[in-house]
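Scroll down for the structure; my scribbles are underneath it.
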Amino acid sequence: MKYYVTTPIYYVNAKPHIGSAYPTIAADVLARWHKIKGDDTFFLTGVAEHGTKIANSAEATGQAPQSFVDTNSEYFKTAWETLGIQYDDFIRTTESRHAAAVTNFFKKLKESGQLYEAEYAGLYCVGHEAFIKESELDEHGNCPDHGQPPEKTKEKNWFFKLSEYGDFLQEKITSGQLQIEPVERKNEVLSFIEQGLEDIAISRRTAKFALPLPWDASQTIYVWLDELFNYCSAIGYGKDEAKFNKWWPADVHIVGKDIIKFHCVIWPALLEAIGEKLPKKVFAHGFFTIDGQKISKSLGNAIDPVELSQEYGSDAIRYFLLRDIPFGKDGDFSPERLKERYNADLANGLGNLVSRTLNMIERFTPELDPDLPVASSTLVQKLLYEAGILTENLDFSSALENIWQALGVADKWIEDNKPWELAKQNKTKEIEGTLAGIFSILVAVNNQIAPFLPETHAKLTKLLEARPIKKPQEPLFARKS
RNA sequence: GGCGGGGUAGCUCAGUGGUAGAGCAAUCGGAUCAUAACCGAUUUGUCGUGGGUUCGAUCCCCACCCCCGCUACCA
């Protein structure tokens, strides 16, 4: 089986923050899970580098746009490396492979007969140097940022006949050929489609730092469409047909809930227009607040995942984000909560269990051969088996909950059998039975945590495979006070 | 305004027509192999407000209050 998973491509105007790390970690876990399972897996992430905002930001720092995005995209690569993200490809929309693919894509679109030229009437804000939505205006009808009324402007653009795709999309979504999860988001998309779709302008006249429309040099390609196409350009669309056919369609696009319409309406309609298959699933994750407040530049409360993982380790960040907030729902991120989880689950839970188990084996039963088969707990087997299914269904928090319940079974088992008492009575056989059983739970748990906590998995594997078995020199997770 | 989701222990949430549960936090006890970690017990709740149906509602109905999302072309 092949498995193709993508993240959104992040806008390099800002540095990576915890919010962009979130879907990236989720995608990484999924990709690792499928790789372990033996699926032929491709995990794509990347950055979006075109647009007027980028051009303006570059100008503000006195750089050429290209060198600006060259610098900024590196921040993302560094952040992902720190967080243990093992992507298979990292696409940048300013790469020539992307530009070439997008050009092909637009030629195909034009040939499809789904494009036409028309006037686009909109509210143009001079301060923004861009069109502004009516809903964005303040109560006086002014631009909230620039305090002046926008001009009603018309410009000639190329349009895509999105309005003709309502029935098509509805059918694909309700039939499940295009899955949208969680279900709230699916309903949202369906109700949006029911209101009637309008055609969309796919080119711009005033945008800066964007790809040219292949047949009309006065227009640039609407950057959103340029960006959406990354999912295809990265896997060789129009260039390496074998590669493209191997991976497309995507098995899942992981996206933020703010961009579902681009992914669930515009994107599938465009794909249909050029005769390509639709992605199988779009999964929208929720947003989180920081200490109950929205993440915003003006509050300056954006959290740098690199700094955070220097304090707690990247595995702890991965664990926290996926365990504490059900994937698909909104949540809150606070340093206190992270510490609580870290201490309760990682230090006291997993770390301490490993420590006490290996220590007892070293002290009481150094002769124990843990590679001999033992009767294992059926409860643990069930919990871990379900954890696998939950992971595959992107229910990461429940999967981790199951795994941690298995750890609880092990702790209880130790408590019930009290190996230290048996040791006083020299009941070696009994101790061996208990400790071998606990050890087998650790082995099983270690396998299940591999996609979530890759660093810990590597450390624990070393500990569990060492012969003779020794207690860890350093705690897996040192408690934080 | 329209459509949709939600208001349950300090926190995050689950839940059913018969007067409420989990995890974390807190308190007490046990244990001592372990990262003062582990195990057990316990506490707290007018289950948003006011009505209604019912023998009985947190769960059904009505009204109201509050919060959140969507209501397209900034990405």
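By convention in this document, the chains of the structure tokens carry letters A, B, ... by their order, each chain's residues are numbered from 1, and ligands are numbered from 1 in the order they are shown.
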
Shell of 10 Å around range 460-462 of chain A, only C-alpha atoms (C1' of nucleotides), local chain residues under 6 positions omitted, as number ranges by chain: A: 351, 354, 442-443, 446-447, 450, 454, 469, 472, 476

Residues of chain A within 6 Å of chain B, only C-alpha atoms (C1' of nucleotides) counted, as a PyMOL selection string: chain A and resi 200+348+352+355-356+360+420

DSSP helix (DSSP H, G or I) residues within range 296-406 of chain A, as a PyMOL selection string: chain A and resi 305-312+314-324+335-364+378-392+396-406
